[in-house]
file run-v1.tsv (TSV, C-alpha atoms)
chain	number	residue	atom	x	y	z
G	1	MET	CA	15.95	4.58	-39.51
G	2	GLU	CA	14.33	1.16	-39.25
G	3	ASN	CA	17.33	-0.33	-37.42
G	4	SER	CA	17.31	2.61	-34.98
G	5	LYS	CA	13.61	2.06	-34.35
G	6	ASP	CA	14.17	-1.66	-33.76
G	7	SER	CA	17.00	-0.95	-31.32
G	8	ASN	CA	14.88	1.53	-29.37
G	9	SER	CA	12.03	-0.98	-29.15
G	10	LEU	CA	14.40	-3.70	-27.99
G	11	LYS	CA	15.90	-1.40	-25.35
G	12	LEU	CA	12.42	-0.49	-24.08
G	13	GLY	CA	11.48	-4.17	-24.12
G	14	PHE	CA	14.59	-5.09	-22.14
G	15	TYR	CA	14.29	-2.39	-19.48
G	16	SER	CA	10.53	-2.75	-19.06
G	17	SER	CA	10.94	-6.53	-18.65
G	18	ILE	CA	13.50	-6.19	-15.89
G	19	ILE	CA	11.64	-3.37	-14.12
G	20	LEU	CA	8.37	-5.33	-14.30
G	21	SER	CA	10.02	-8.36	-12.73
G	22	ILE	CA	11.62	-6.31	-9.94
G	23	LEU	CA	8.44	-4.38	-9.12
G	24	THR	CA	6.43	-7.60	-9.06
G	25	VAL	CA	8.87	-9.22	-6.62
G	26	ILE	CA	8.68	-6.20	-4.29
G	27	ALA	CA	4.88	-5.93	-4.51
G	28	PHE	CA	4.60	-9.68	-3.91
G	29	GLY	CA	6.72	-9.37	-0.78
G	30	PHE	CA	4.60	-6.58	0.68
G	31	ALA	CA	1.35	-8.36	-0.28
G	32	MET	CA	2.43	-11.45	1.65
G	33	THR	CA	2.73	-9.37	4.82
G	34	ALA	CA	-0.89	-8.23	4.45
G	35	ILE	CA	-2.42	-11.35	6.03
G	36	PRO	CA	-6.21	-11.16	5.61
G	37	PRO	CA	-7.92	-10.37	8.96
G	38	ALA	CA	-11.19	-11.75	7.58
G	39	GLY	CA	-12.34	-14.67	5.47
G	40	PRO	CA	-11.05	-18.25	5.11
G	41	TYR	CA	-7.33	-17.42	5.39
G	42	CYS	CA	-7.68	-15.33	8.53
G	43	PRO	CA	-5.29	-16.70	11.21
G	44	GLY	CA	-7.30	-15.42	14.19
G	45	ASN	CA	-9.11	-12.42	15.72
G	46	CYS	CA	-11.02	-12.12	12.45
G	47	MET	CA	-13.15	-9.15	11.47
G	48	GLU	CA	-16.76	-9.65	10.48
G	49	TYR	CA	-19.33	-7.44	8.77
G	50	PRO	CA	-19.41	-4.42	8.90
G	51	PHE	CA	-15.62	-4.61	9.45
G	52	PRO	CA	-15.25	-2.05	12.25
G	53	ASP	CA	-11.47	-2.43	12.72
G	54	ILE	CA	-10.35	-1.35	9.24
G	55	LEU	CA	-8.12	1.42	10.57
G	56	SER	CA	-6.22	-1.07	12.75
G	57	TYR	CA	-4.68	-2.46	9.58
G	58	TYR	CA	-3.93	0.88	7.93
G	59	PRO	CA	-1.47	1.57	6.37
G	60	ARG	CA	0.22	-1.86	6.60
G	61	ASP	CA	-2.31	-3.67	4.41
G	62	TYR	CA	-2.25	-0.94	1.76
G	63	TYR	CA	1.47	-0.59	0.98
G	64	TRP	CA	1.42	-3.33	-1.64
G	65	MET	CA	-1.32	-1.55	-3.60
G	66	TYR	CA	0.87	1.50	-4.13
G	67	LEU	CA	3.56	-0.79	-5.51
G	68	ALA	CA	1.03	-2.70	-7.63
G	69	ILE	CA	0.05	0.54	-9.35
G	70	PHE	CA	3.62	1.15	-10.52
G	71	GLN	CA	3.83	-2.51	-11.46
G	72	LEU	CA	0.76	-2.08	-13.69
G	73	PHE	CA	2.35	0.94	-15.37
G	74	ALA	CA	5.41	-1.21	-16.11
G	75	PHE	CA	3.15	-4.01	-17.37
G	76	VAL	CA	1.46	-1.72	-19.91
G	77	ILE	CA	4.83	-0.46	-21.18
G	78	PHE	CA	6.12	-4.04	-21.35
G	79	ILE	CA	3.17	-5.23	-23.46
G	80	VAL	CA	3.33	-2.23	-25.82
G	81	ALA	CA	7.08	-2.70	-26.32
G	82	ASN	CA	6.52	-6.35	-27.19
G	83	HIS	CA	3.87	-5.36	-29.72
G	84	PHE	CA	6.33	-3.14	-31.61
G	85	ILE	CA	9.08	-5.76	-31.46
G	86	ALA	CA	6.85	-8.62	-32.65
G	87	ASN	CA	6.92	-9.89	-36.22
G	88	ARG	CA	4.35	-8.22	-38.49
G	89	ASN	CA	2.49	-11.51	-38.95
G	90	ASN	CA	1.85	-11.66	-35.20
G	91	LYS	CA	0.67	-8.06	-34.72
G	92	LEU	CA	-2.96	-9.21	-34.57
G	93	PHE	CA	-2.24	-11.31	-31.49
G	94	THR	CA	-0.11	-8.66	-29.79
G	95	SER	CA	-2.86	-6.11	-30.50
G	96	LEU	CA	-5.28	-8.40	-28.68
G	97	SER	CA	-2.75	-8.65	-25.86
G	98	MET	CA	-2.64	-4.84	-25.62
G	99	SER	CA	-6.44	-4.64	-25.63
G	100	PHE	CA	-6.83	-7.07	-22.73
G	101	THR	CA	-3.93	-5.35	-20.95
G	102	LEU	CA	-5.84	-2.05	-21.06
G	103	ILE	CA	-8.94	-3.75	-19.64
G	104	SER	CA	-6.94	-5.45	-16.89
G	105	SER	CA	-4.95	-2.36	-15.96
G	106	THR	CA	-8.00	-0.09	-15.90
G	107	VAL	CA	-9.95	-2.41	-13.63
G	108	LEU	CA	-7.05	-3.02	-11.25
G	109	LEU	CA	-5.95	0.63	-11.12
G	110	LEU	CA	-9.48	1.65	-10.18
G	111	ALA	CA	-9.64	-1.10	-7.55
G	112	TYR	CA	-6.31	-0.20	-5.93
G	113	PHE	CA	-6.44	3.59	-6.15
G	114	THR	CA	-9.96	3.86	-4.76
G	115	GLN	CA	-9.14	1.36	-2.04
G	116	PHE	CA	-6.39	3.37	-0.38
G	117	SER	CA	-7.78	6.78	-1.39
G	118	VAL	CA	-11.40	6.26	-0.31
G	119	VAL	CA	-11.76	3.59	2.37
G	120	PRO	CA	-9.34	4.73	5.14
G	121	VAL	CA	-10.22	8.43	5.05
G	122	SER	CA	-13.95	7.68	4.90
G	123	VAL	CA	-13.70	5.50	8.00
G	124	MET	CA	-11.57	8.16	9.76
G	125	LYS	CA	-14.28	10.74	9.16
G	126	GLY	CA	-17.07	8.43	10.28
G	127	GLU	CA	-18.46	8.11	6.75
G	128	SER	CA	-18.71	4.33	6.90
G	129	GLU	CA	-21.98	3.84	5.05
G	130	GLY	CA	-21.36	1.54	2.09
G	131	ILE	CA	-17.70	0.94	3.02
G	132	ALA	CA	-18.37	-2.71	3.84
G	133	LEU	CA	-19.20	-3.35	0.18
G	134	ILE	CA	-15.97	-1.92	-1.21
G	135	THR	CA	-13.36	-2.72	1.43
G	136	GLN	CA	-10.72	-5.34	0.62
G	137	TYR	CA	-11.68	-7.21	3.80
G	138	ASN	CA	-15.11	-8.13	2.43
G	139	GLU	CA	-14.55	-11.60	0.98
G	140	HIS	CA	-17.46	-11.18	-1.46
G	141	GLY	CA	-17.20	-7.43	-2.01
G	142	LEU	CA	-16.49	-5.28	-5.05
G	143	PHE	CA	-12.74	-5.17	-4.48
G	144	ILE	CA	-12.37	-8.95	-4.69
G	145	ALA	CA	-14.61	-9.11	-7.77
G	146	MET	CA	-12.59	-6.40	-9.53
G	147	GLU	CA	-9.32	-8.16	-8.75
G	148	GLU	CA	-10.69	-11.44	-10.11
G	149	LEU	CA	-11.78	-9.72	-13.32
G	150	GLY	CA	-8.52	-7.79	-13.59
G	151	TYR	CA	-6.30	-10.84	-13.24
G	152	ILE	CA	-8.43	-13.04	-15.49
G	153	THR	CA	-8.04	-10.47	-18.26
G	154	MET	CA	-4.33	-10.19	-17.46
G	155	SER	CA	-4.06	-13.95	-18.03
G	156	VAL	CA	-5.76	-13.53	-21.41
G	157	ALA	CA	-3.38	-10.69	-22.29
G	158	LEU	CA	-0.38	-12.86	-21.40
G	159	PHE	CA	-1.80	-15.73	-23.45
G	160	PHE	CA	-1.91	-13.62	-26.63
G	161	LEU	CA	1.53	-12.22	-25.85
G	162	ALA	CA	2.92	-15.73	-26.40
G	163	PHE	CA	2.51	-15.27	-30.17
G	164	ALA	CA	5.08	-12.46	-30.10
G	165	PHE	CA	7.80	-15.08	-29.64
G	166	SER	CA	9.00	-17.63	-32.17
G	167	LYS	CA	9.98	-21.24	-31.73
G	168	ASN	CA	13.51	-20.61	-33.00
G	169	THR	CA	15.32	-20.68	-29.66
G	170	ARG	CA	14.96	-22.73	-26.51
G	171	LEU	CA	14.36	-19.61	-24.41
G	172	GLU	CA	11.53	-18.44	-26.66
G	173	ARG	CA	9.92	-21.88	-26.59
G	174	ILE	CA	9.96	-21.81	-22.77
G	175	ILE	CA	8.45	-18.30	-22.78
G	176	ARG	CA	5.67	-19.44	-25.12
G	177	LEU	CA	4.97	-22.54	-23.01
G	178	ILE	CA	4.66	-20.50	-19.80
G	179	LEU	CA	2.44	-17.88	-21.41
G	180	PHE	CA	0.16	-20.47	-23.00
G	181	SER	CA	-0.12	-22.70	-19.93
G	182	GLN	CA	-0.79	-19.94	-17.36
G	183	LEU	CA	-4.23	-19.19	-18.86
G	184	GLY	CA	-5.17	-22.88	-18.66
G	185	LEU	CA	-4.05	-22.95	-15.04
G	186	THR	CA	-6.12	-19.84	-14.26
G	187	ILE	CA	-9.21	-21.36	-15.88
G	188	LEU	CA	-8.77	-24.67	-14.07
G	189	THR	CA	-8.31	-22.86	-10.75
G	190	PHE	CA	-11.48	-20.84	-11.31
G	191	ILE	CA	-13.45	-23.99	-12.18
G	192	PHE	CA	-12.07	-25.80	-9.13
G	193	TYR	CA	-13.03	-23.12	-6.61
G	194	THR	CA	-16.39	-22.50	-8.28
G	195	LEU	CA	-17.33	-26.18	-8.23
G	196	LYS	CA	-16.14	-26.61	-4.64
G	197	PHE	CA	-17.53	-23.41	-3.10
G	198	GLY	CA	-20.00	-22.03	-5.65
G	199	ILE	CA	-20.68	-18.32	-5.30
G	200	GLU	CA	-19.17	-18.49	-1.81
G	201	ARG	CA	-15.64	-19.05	-3.11
G	202	SER	CA	-14.61	-15.94	-1.10
G	203	TYR	CA	-11.18	-14.58	-2.05
G	204	ARG	CA	-9.67	-18.04	-2.59
G	205	PHE	CA	-9.59	-17.70	-6.38
G	206	GLU	CA	-8.45	-14.08	-6.12
G	207	VAL	CA	-5.39	-15.14	-4.12
G	208	ALA	CA	-4.72	-18.00	-6.53
G	209	THR	CA	-4.95	-15.91	-9.70
G	210	ILE	CA	-2.74	-13.15	-8.28
G	211	THR	CA	-0.15	-15.79	-7.36
G	212	ILE	CA	-0.30	-17.32	-10.84
G	213	ASN	CA	-0.08	-14.00	-12.68
G	214	TRP	CA	2.63	-12.45	-10.52
G	215	THR	CA	4.77	-15.60	-10.61
G	216	VAL	CA	4.50	-15.59	-14.39
G	217	LEU	CA	5.35	-11.87	-14.58
G	218	ILE	CA	8.48	-12.41	-12.50
G	219	ALA	CA	9.65	-15.36	-14.59
G	220	ILE	CA	8.69	-13.90	-17.95
G	221	GLY	CA	10.17	-10.52	-17.09
G	222	ILE	CA	13.55	-12.11	-16.49
G	223	MET	CA	13.44	-14.42	-19.52
G	224	VAL	CA	12.15	-11.83	-21.97
G	225	GLY	CA	14.76	-9.39	-20.69
G	226	LEU	CA	17.50	-11.95	-21.35
G	227	HIS	CA	16.06	-12.64	-24.80
G	228	TYR	CA	16.08	-8.97	-25.80
G	229	ARG	CA	19.54	-8.46	-24.32
G	230	LYS	CA	20.86	-11.16	-26.64
G	231	GLN	CA	19.19	-9.47	-29.61
G	232	LEU	CA	20.68	-6.10	-28.66
G	233	LYS	CA	24.16	-7.66	-28.51
G	234	LEU	CA	23.65	-9.11	-32.00
G	235	LYS	CA	22.77	-5.66	-33.29
call {"tool": "encode", "arguments": {"input": "run-v1.tsv", "output": "structure tokens"}}
result
Amino acid sequence: MENSKDSNSLKLGFYSSIILSILTVIAFGFAMTAIPPAGPYCPGNCMEYPFPDILSYYPRDYYWMYLAIFQLFAFVIFIVANHFIANRNNKLFTSLSMSFTLISSTVLLLAYFTQFSVVPVSVMKGESEGIALITQYNEHGLFIAMEELGYITMSVALFFLAFAFSKNTRLERIIRLILFSQLGLTILTFIFYTLKFGIERSYRFEVATITINWTVLIAIGIMVGLHYRKQLKLK
């Protein structure tokens, strides 16, 4: 019974790792096509408050959010699978990882789902009051703030996930190093943009923390998948 349970957890860990990596690559690709038409990274013909041309960028700039939602589902499954696979002595840390994963996923799911379900149709119907505050094109709006919070907590979740892996193999040591160091990089990036731009950091940190987290998810998804595949073969 226990061996069957372990095998099922390893299988779920393997498949969720690979799916998470694939979904992140696809979402990343679509997100890179959504060049911001406002703020510091705008290449030209930039929108300004109250962002009257939102519909000109619909649905192109929203495709990646649909993919990010499925990516977040895969992320939750991935973290839960790792919790059940982890050694009993490390369950405290993986429980913390699950807790921060739930915070991160909840915040980001709300941000993405409301963005493509509320903003475009409201503008279409002429109900634009208050839209400027929640649209993704507002560099100091609610959407950017929610993404920052969501990806900071994702970094914390990934940090605690590192304890699920031992130091017994080279692959596990690399996984631990990446998971530990990514939180430090996120913190340093936040400090850098805050010191340089203050409260007017715009979406610079948001772009940076998404890049950090998604790059880590792609790499970790592949490596953890390989690690669990080896364990399944041994069984």
call {"tool": "atom_distance", "arguments": {"input": "run-v1.tsv", "atom1": "CA of Phe73 (chain G)", "atom2": "CA of Leu102 (chain G)"}}
result
10.4 Å
call {"tool": "closest_residue", "arguments": {"input": "run-v1.tsv", "among": "G:Ser95, G:Gly130, G:Gly44, G:Tyr151", "to": "Leu72 (chain G)", "atoms": "all atoms listed in the file"}}
result
G:Tyr151
call {"tool": "residues_around", "arguments": {"input": "run-v1.tsv", "residues": "Arg173 (chain G)", "least_positions_apart": "4", "cutoff": "12 Å", "atoms": "all atoms listed in the file", "output": "list in words"}}
result
Ala162, Phe163, Ala164, Phe165, Ser166, Lys167, Asn168, Thr169, Leu177, Ile178, Leu179, Phe180, Ile220, Met223, Val224 and His227 of chain G
call {"tool": "closest_residue", "arguments": {"input": "run-v1.tsv", "among": "G:Met146, G:Leu20, G:Val76, G:Ala81", "to": "Asn8 (chain G)", "atoms": "all atoms listed in the file"}}
result
G:Ala81
call {"tool": "closest_residue", "arguments": {"input": "run-v1.tsv", "among": "G:Glu172, G:Glu147, G:Glu127, G:Glu139", "to": "Tyr203 (chain G)", "atoms": "only C-alpha atoms"}}
result
G:Glu139
call {"tool": "atom_distance", "arguments": {"input": "run-v1.tsv", "atom1": "CA of Leu158 (chain G)", "atom2": "CA of Ile222 (chain G)"}}
result
14.8 Å
call {"tool": "residues_around", "arguments": {"input": "run-v1.tsv", "residues": "Ile54 (chain G)", "least_positions_apart": "6", "cutoff": "12 Å", "atoms": "only C-alpha atoms", "output": "list in words"}}
result
Pro36, Pro37, Ala38, Cys46, Met47, Glu48, Arg60, Asp61, Tyr62, Gln115, Phe116, Val119, Pro120, Val121, Ser122, Val123, Met124, Gly126, Ser128, Ile131, Ala132, Ile134, Thr135, Gln136, Tyr137 and Asn138 of chain G
call {"tool": "residues_around", "arguments": {"input": "run-v1.tsv", "residues": "Ile85 (chain G)", "least_positions_apart": "4", "cutoff": "9 Å", "atoms": "only C-alpha atoms", "output": "number ranges by chain"}}
result
G: 6, 9-10, 13, 80-81, 164
call {"tool": "closest_residue", "arguments": {"input": "run-v1.tsv", "among": "G:Ala219, G:Ala208, G:Leu108, G:Leu12", "to": "Ile187 (chain G)", "atoms": "all atoms listed in the file"}}
result
G:Ala208
call {"tool": "closest_residue", "arguments": {"input": "run-v1.tsv", "among": "G:Thr211, G:Thr33, G:Phe160, G:Lys196", "to": "Ile79 (chain G)", "atoms": "all atoms listed in the file"}}
result
G:Phe160
call {"tool": "atom_distance", "arguments": {"input": "run-v1.tsv", "atom1": "CA of Leu232 (chain G)", "atom2": "CA of Leu23 (chain G)"}}
result
23.1 Å
call {"tool": "closest_residue", "arguments": {"input": "run-v1.tsv", "among": "G:Ser17, G:Thr189, G:Ser99, G:Ser104", "to": "Leu226 (chain G)", "atoms": "all atoms listed in the file"}}
result
G:Ser17
call {"tool": "residues_near_point", "arguments": {"input": "run-v1.tsv", "point": "(-5.1, -1.4, -11.0)", "cutoff": "10 Å", "atoms": "only C-alpha atoms", "output": "mmCIF file with C-alpha atoms, keeping the file's coordinate frame"}}
result
data_model
loop_
_atom_site.group_PDB
_atom_site.id
_atom_site.type_symbol
_atom_site.label_atom_id
_atom_site.label_comp_id
_atom_site.auth_asym_id
_atom_site.auth_seq_id
_atom_site.Cartn_x
_atom_site.Cartn_y
_atom_site.Cartn_z
ATOM 1 C CA MET G 65 -1.320 -1.550 -3.600
ATOM 2 C CA TYR G 66 0.870 1.500 -4.130
ATOM 3 C CA ALA G 68 1.030 -2.700 -7.630
ATOM 4 C CA ILE G 69 0.050 0.540 -9.350
ATOM 5 C CA PHE G 70 3.620 1.150 -10.520
ATOM 6 C CA GLN G 71 3.830 -2.510 -11.460
ATOM 7 C CA LEU G 72 0.760 -2.080 -13.690
ATOM 8 C CA PHE G 73 2.350 0.940 -15.370
ATOM 9 C CA ILE G 103 -8.940 -3.750 -19.640
ATOM 10 C CA SER G 104 -6.940 -5.450 -16.890
ATOM 11 C CA SER G 105 -4.950 -2.360 -15.960
ATOM 12 C CA THR G 106 -8.000 -0.090 -15.900
ATOM 13 C CA VAL G 107 -9.950 -2.410 -13.630
ATOM 14 C CA LEU G 108 -7.050 -3.020 -11.250
ATOM 15 C CA LEU G 109 -5.950 0.630 -11.120
ATOM 16 C CA LEU G 110 -9.480 1.650 -10.180
ATOM 17 C CA ALA G 111 -9.640 -1.100 -7.550
ATOM 18 C CA TYR G 112 -6.310 -0.200 -5.930
ATOM 19 C CA PHE G 113 -6.440 3.590 -6.150
ATOM 20 C CA THR G 114 -9.960 3.860 -4.760
ATOM 21 C CA MET G 146 -12.590 -6.400 -9.530
ATOM 22 C CA GLU G 147 -9.320 -8.160 -8.750
ATOM 23 C CA GLY G 150 -8.520 -7.790 -13.590
ATOM 24 C CA TYR G 151 -6.300 -10.840 -13.240
#
